[in-house]
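*Asks:* Just dropping this structure here.
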Amino acid sequence: MKHFFYLIVFFAVHTGFSQNTIIETGRPKAFIVRNAQEIAGKKFKIKYEYVAFKRESQLDSISKNNNATYEKLQKKYGNDWKEKIDKEVKYELENLNLFLALLKKNNQINDDNVVYFKKSGCGDKYIAEIYPAIEPENRSKENLQKKVCFQQKDGKTVMK
């Protein structure tokens, strides 16, 4: 019975629960846009990756990966899957920009701070993690300055 359980978990992880990865090439988008993609991507079980490539063979494998991901997304969300995802990214980006404006207005951050947002799995609760002027990829618990919570309710945004 124990082995049967492990077998089911193994297949679930490697089939239905796996995330789809969309690989983007070229210059990475602004950090806040990547943050919005990450938040929206969780809803659709999509992960965005940015890579630099040096050979045509790498571009071929990137295209192959993306085409397979696009097919899965089309089967799951329909022919307008891209519009649905883009709409969600735009919605999250608008929220994050609103939160940044509130943080600046209330003197919680300055222009040098790196702000990384997370969204809770239930409802419209967000957490802003505020870091000093560092590369976004270098965020860690050690250099976290503070956390600020946001909640959207009845069309209003509350900062805690």
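Going by the structure tokens order, chains are called A, B, ..., each with residues numbered from 1, while ligands are numbered from 1 in the order shown.
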Set the distance at 12 Å and use only C-alpha atoms: which residues neighbour Lys72 of chain A once local chain neighbours fewer than 2 positions away are removed? I'd like the list as a PDB file with N, CA and C atoms, in the first residue's frame.
*Replies:*
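Saved result, around-v2.pdb, follows:
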ATOM      1  N   THR A  15       3.092  14.736 -13.886  1.00  0.00           N
ATOM      2  CA  THR A  15       2.122  14.958 -14.969  1.00  0.00           C
ATOM      3  C   THR A  15       1.250  16.155 -14.682  1.00  0.00           C
ATOM      4  N   GLY A  16       0.247  16.001 -13.858  1.00  0.00           N
ATOM      5  CA  GLY A  16      -0.759  17.030 -13.670  1.00  0.00           C
ATOM      6  C   GLY A  16      -0.321  18.242 -12.890  1.00  0.00           C
ATOM      7  N   SER A  18       2.787  19.555 -12.696  1.00  0.00           N
ATOM      8  CA  SER A  18       4.020  20.212 -13.135  1.00  0.00           C
ATOM      9  C   SER A  18       3.705  21.581 -13.711  1.00  0.00           C
ATOM     10  N   GLN A  19       4.663  22.487 -13.538  1.00  0.00           N
ATOM     11  CA  GLN A  19       4.480  23.820 -14.088  1.00  0.00           C
ATOM     12  C   GLN A  19       4.988  23.857 -15.523  1.00  0.00           C
ATOM     13  N   ASN A  20       4.337  24.656 -16.323  1.00  0.00           N
ATOM     14  CA  ASN A  20       4.782  24.902 -17.679  1.00  0.00           C
ATOM     15  C   ASN A  20       5.768  26.054 -17.633  1.00  0.00           C
ATOM     16  N   THR A  21       6.813  25.968 -18.433  1.00  0.00           N
ATOM     17  CA  THR A  21       7.823  27.021 -18.463  1.00  0.00           C
ATOM     18  C   THR A  21       7.816  27.693 -19.824  1.00  0.00           C
ATOM     19  N   ILE A  22       7.722  29.012 -19.792  1.00  0.00           N
ATOM     20  CA  ILE A  22       7.865  29.817 -21.002  1.00  0.00           C
ATOM     21  C   ILE A  22       9.232  30.474 -20.914  1.00  0.00           C
ATOM     22  N   PHE A  44      -1.957  30.321 -13.408  1.00  0.00           N
ATOM     23  CA  PHE A  44      -2.027  29.459 -14.584  1.00  0.00           C
ATOM     24  C   PHE A  44      -0.984  28.336 -14.556  1.00  0.00           C
ATOM     25  N   LYS A  45      -0.263  28.225 -13.461  1.00  0.00           N
ATOM     26  CA  LYS A  45       0.811  27.230 -13.320  1.00  0.00           C
ATOM     27  C   LYS A  45       1.846  27.370 -14.432  1.00  0.00           C
ATOM     28  N   ILE A  46       2.286  28.629 -14.618  1.00  0.00           N
ATOM     29  CA  ILE A  46       3.301  28.953 -15.619  1.00  0.00           C
ATOM     30  C   ILE A  46       4.490  29.569 -14.898  1.00  0.00           C
ATOM     31  N   ASN A  65      10.663  23.859 -26.558  1.00  0.00           N
ATOM     32  CA  ASN A  65      10.088  23.907 -25.208  1.00  0.00           C
ATOM     33  C   ASN A  65       8.851  24.800 -25.183  1.00  0.00           C
ATOM     34  N   ASN A  66       8.969  25.996 -25.749  1.00  0.00           N
ATOM     35  CA  ASN A  66       7.842  26.930 -25.726  1.00  0.00           C
ATOM     36  C   ASN A  66       6.648  26.397 -26.501  1.00  0.00           C
ATOM     37  N   ASN A  67       6.891  25.778 -27.656  1.00  0.00           N
ATOM     38  CA  ASN A  67       5.779  25.229 -28.441  1.00  0.00           C
ATOM     39  C   ASN A  67       5.047  24.141 -27.673  1.00  0.00           C
ATOM     40  N   ALA A  68       5.788  23.293 -26.964  1.00  0.00           N
ATOM     41  CA  ALA A  68       5.146  22.252 -26.151  1.00  0.00           C
ATOM     42  C   ALA A  68       4.317  22.887 -25.033  1.00  0.00           C
ATOM     43  N   THR A  69       4.856  23.933 -24.418  1.00  0.00           N
ATOM     44  CA  THR A  69       4.128  24.637 -23.356  1.00  0.00           C
ATOM     45  C   THR A  69       2.880  25.302 -23.915  1.00  0.00           C
ATOM     46  N   TYR A  70       2.996  25.938 -25.079  1.00  0.00           N
ATOM     47  CA  TYR A  70       1.847  26.604 -25.696  1.00  0.00           C
ATOM     48  C   TYR A  70       0.730  25.603 -26.013  1.00  0.00           C
ATOM     49  N   GLN A  74      -2.995  25.766 -24.490  1.00  0.00           N
ATOM     50  CA  GLN A  74      -4.155  25.840 -25.379  1.00  0.00           C
ATOM     51  C   GLN A  74      -5.174  24.758 -25.026  1.00  0.00           C
ATOM     52  N   LYS A  75      -4.704  23.557 -24.737  1.00  0.00           N
ATOM     53  CA  LYS A  75      -5.618  22.474 -24.355  1.00  0.00           C
ATOM     54  C   LYS A  75      -6.326  22.793 -23.046  1.00  0.00           C
ATOM     55  N   LYS A  76      -5.602  23.386 -22.111  1.00  0.00           N
ATOM     56  CA  LYS A  76      -6.168  23.632 -20.789  1.00  0.00           C
ATOM     57  C   LYS A  76      -7.048  24.877 -20.742  1.00  0.00           C
ATOM     58  N   TYR A  77      -6.641  25.962 -21.436  1.00  0.00           N
ATOM     59  CA  TYR A  77      -7.342  27.249 -21.308  1.00  0.00           C
ATOM     60  C   TYR A  77      -8.026  27.724 -22.582  1.00  0.00           C
ATOM     61  N   GLY A  78      -7.907  26.976 -23.682  1.00  0.00           N
ATOM     62  CA  GLY A  78      -8.563  27.362 -24.925  1.00  0.00           C
ATOM     63  C   GLY A  78      -7.656  28.173 -25.837  1.00  0.00           C
ATOM     64  N   ASN A  79      -8.208  28.519 -27.009  1.00  0.00           N
ATOM     65  CA  ASN A  79      -7.424  29.236 -28.021  1.00  0.00           C
ATOM     66  C   ASN A  79      -6.998  30.629 -27.581  1.00  0.00           C
ATOM     67  N   TRP A  81      -5.805  31.486 -24.686  1.00  0.00           N
ATOM     68  CA  TRP A  81      -5.020  31.351 -23.459  1.00  0.00           C
ATOM     69  C   TRP A  81      -4.053  32.511 -23.276  1.00  0.00           C
ATOM     70  N   LYS A  82      -3.422  32.957 -24.350  1.00  0.00           N
ATOM     71  CA  LYS A  82      -2.432  34.032 -24.246  1.00  0.00           C
ATOM     72  C   LYS A  82      -3.088  35.341 -23.796  1.00  0.00           C
TER      73      LYS A  82
END
*Asks:* Quick one: residues within 9 Å of segment 132-134 of chain A, only C-alpha atoms, excluding same-chain residues fewer than 4 positions away - as a list of chain:residue names?
*Replies:*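 Those residues are A:Asp111, A:Asp112, A:Asn113, A:Val114, A:Val115, A:Asn138, A:Arg139, A:Asn143, A:Leu144, A:Gln145.
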*Asks:* Show which residues sit within 6 Å of Gln151 of chain A, as a list in words. Count only C-alpha atoms, and ignore same-chain residues fewer than 6 positions away.
*Replies:*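 What passes the distance filter is Asp124, Lys125, Thr157 and Val158 of chain A.
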*Asks:* List every residue of chain A that DSSP, applied to the backbone of this structure, assigns to alpha helix (DSSP H), and report them as a ChimeraX atom specification.
*Replies:* /A:2-14,31-44,56-77,81-105
*Asks:* Given the selection you just returned, output its residues as a file containing C-alpha atoms, formatted as a PDB file, in the first residue's frame.
*Replies:*
ATOM      1  CA  LYS A   2       2.841   2.361   0.879  1.00  0.00           C
ATOM      2  CA  HIS A   3       4.519   1.776  -2.501  1.00  0.00           C
ATOM      3  CA  PHE A   4       1.234   2.343  -4.314  1.00  0.00           C
ATOM      4  CA  PHE A   5       0.882   5.732  -2.594  1.00  0.00           C
ATOM      5  CA  TYR A   6       4.414   6.756  -3.617  1.00  0.00           C
ATOM      6  CA  LEU A   7       3.692   5.669  -7.176  1.00  0.00           C
ATOM      7  CA  ILE A   8       0.564   7.850  -7.343  1.00  0.00           C
ATOM      8  CA  VAL A   9       2.409  10.843  -5.895  1.00  0.00           C
ATOM      9  CA  PHE A  10       5.245  10.354  -8.388  1.00  0.00           C
ATOM     10  CA  PHE A  11       2.877  10.361 -11.378  1.00  0.00           C
ATOM     11  CA  ALA A  12       0.875  13.309 -10.025  1.00  0.00           C
ATOM     12  CA  VAL A  13       3.992  15.411  -9.593  1.00  0.00           C
ATOM     13  CA  HIS A  14       5.367  14.544 -13.016  1.00  0.00           C
ATOM     14  CA  PHE A  31      11.843  43.633 -12.424  1.00  0.00           C
ATOM     15  CA  ILE A  32       8.286  44.726 -11.594  1.00  0.00           C
ATOM     16  CA  VAL A  33       6.999  43.198 -14.858  1.00  0.00           C
ATOM     17  CA  ARG A  34       8.781  39.923 -14.067  1.00  0.00           C
ATOM     18  CA  ASN A  35       7.253  40.063 -10.570  1.00  0.00           C
ATOM     19  CA  ALA A  36       3.764  40.524 -12.084  1.00  0.00           C
ATOM     20  CA  GLN A  37       4.412  37.621 -14.480  1.00  0.00           C
ATOM     21  CA  GLU A  38       5.424  35.440 -11.543  1.00  0.00           C
ATOM     22  CA  ILE A  39       2.269  36.270  -9.565  1.00  0.00           C
ATOM     23  CA  ALA A  40      -0.044  35.834 -12.563  1.00  0.00           C
ATOM     24  CA  GLY A  41       1.850  32.735 -13.647  1.00  0.00           C
ATOM     25  CA  LYS A  42       1.013  30.964 -10.395  1.00  0.00           C
ATOM     26  CA  LYS A  43      -2.664  31.182 -11.253  1.00  0.00           C
ATOM     27  CA  PHE A  44      -2.027  29.459 -14.584  1.00  0.00           C
ATOM     28  CA  GLU A  56      21.131  28.555 -33.106  1.00  0.00           C
ATOM     29  CA  SER A  57      20.793  25.085 -31.588  1.00  0.00           C
ATOM     30  CA  GLN A  58      19.893  26.722 -28.273  1.00  0.00           C
ATOM     31  CA  LEU A  59      17.203  28.794 -29.957  1.00  0.00           C
ATOM     32  CA  ASP A  60      15.778  25.616 -31.499  1.00  0.00           C
ATOM     33  CA  SER A  61      15.493  23.910 -28.108  1.00  0.00           C
ATOM     34  CA  ILE A  62      13.925  27.060 -26.610  1.00  0.00           C
ATOM     35  CA  SER A  63      11.344  27.122 -29.422  1.00  0.00           C
ATOM     36  CA  LYS A  64      10.655  23.410 -28.950  1.00  0.00           C
ATOM     37  CA  ASN A  65      10.088  23.907 -25.208  1.00  0.00           C
ATOM     38  CA  ASN A  66       7.842  26.930 -25.726  1.00  0.00           C
ATOM     39  CA  ASN A  67       5.779  25.229 -28.441  1.00  0.00           C
ATOM     40  CA  ALA A  68       5.146  22.252 -26.151  1.00  0.00           C
ATOM     41  CA  THR A  69       4.128  24.637 -23.356  1.00  0.00           C
ATOM     42  CA  TYR A  70       1.847  26.604 -25.696  1.00  0.00           C
ATOM     43  CA  GLU A  71       0.097  23.385 -26.757  1.00  0.00           C
ATOM     44  CA  LYS A  72      -0.541  22.414 -23.118  1.00  0.00           C
ATOM     45  CA  LEU A  73      -1.874  25.882 -22.344  1.00  0.00           C
ATOM     46  CA  GLN A  74      -4.155  25.840 -25.379  1.00  0.00           C
ATOM     47  CA  LYS A  75      -5.618  22.474 -24.355  1.00  0.00           C
ATOM     48  CA  LYS A  76      -6.168  23.632 -20.789  1.00  0.00           C
ATOM     49  CA  TYR A  77      -7.342  27.249 -21.308  1.00  0.00           C
ATOM     50  CA  TRP A  81      -5.020  31.351 -23.459  1.00  0.00           C
ATOM     51  CA  LYS A  82      -2.432  34.032 -24.246  1.00  0.00           C
ATOM     52  CA  GLU A  83      -4.964  36.851 -23.946  1.00  0.00           C
ATOM     53  CA  LYS A  84      -6.174  35.464 -20.597  1.00  0.00           C
ATOM     54  CA  ILE A  85      -2.650  35.278 -19.229  1.00  0.00           C
ATOM     55  CA  ASP A  86      -1.671  38.700 -20.596  1.00  0.00           C
ATOM     56  CA  LYS A  87      -4.807  40.193 -19.028  1.00  0.00           C
ATOM     57  CA  GLU A  88      -3.879  38.686 -15.648  1.00  0.00           C
ATOM     58  CA  VAL A  89      -0.274  39.950 -15.917  1.00  0.00           C
ATOM     59  CA  LYS A  90      -1.582  43.437 -16.739  1.00  0.00           C
ATOM     60  CA  TYR A  91      -3.974  43.304 -13.747  1.00  0.00           C
ATOM     61  CA  GLU A  92      -1.170  42.273 -11.398  1.00  0.00           C
ATOM     62  CA  LEU A  93       1.175  44.914 -12.829  1.00  0.00           C
ATOM     63  CA  GLU A  94      -1.447  47.608 -12.175  1.00  0.00           C
ATOM     64  CA  ASN A  95      -1.773  46.372  -8.578  1.00  0.00           C
ATOM     65  CA  LEU A  96       1.977  46.335  -8.017  1.00  0.00           C
ATOM     66  CA  ASN A  97       2.366  49.848  -9.425  1.00  0.00           C
ATOM     67  CA  LEU A  98      -0.441  51.026  -7.105  1.00  0.00           C
ATOM     68  CA  PHE A  99       1.307  49.419  -4.128  1.00  0.00           C
ATOM     69  CA  LEU A 100       4.630  51.019  -5.090  1.00  0.00           C
ATOM     70  CA  ALA A 101       2.966  54.430  -5.278  1.00  0.00           C
ATOM     71  CA  LEU A 102       1.460  53.901  -1.807  1.00  0.00           C
ATOM     72  CA  LEU A 103       4.823  52.840  -0.396  1.00  0.00           C
ATOM     73  CA  LYS A 104       6.495  55.957  -1.817  1.00  0.00           C
ATOM     74  CA  LYS A 105       3.669  58.243  -0.702  1.00  0.00           C
TER      75      LYS A 105
END
*Asks:* Have a look at atom CA of Asn110 of chain A and atom CA of Lys29 of chain A and let me know their distance in Å, one decimal.
*Replies:* 21.2 Å
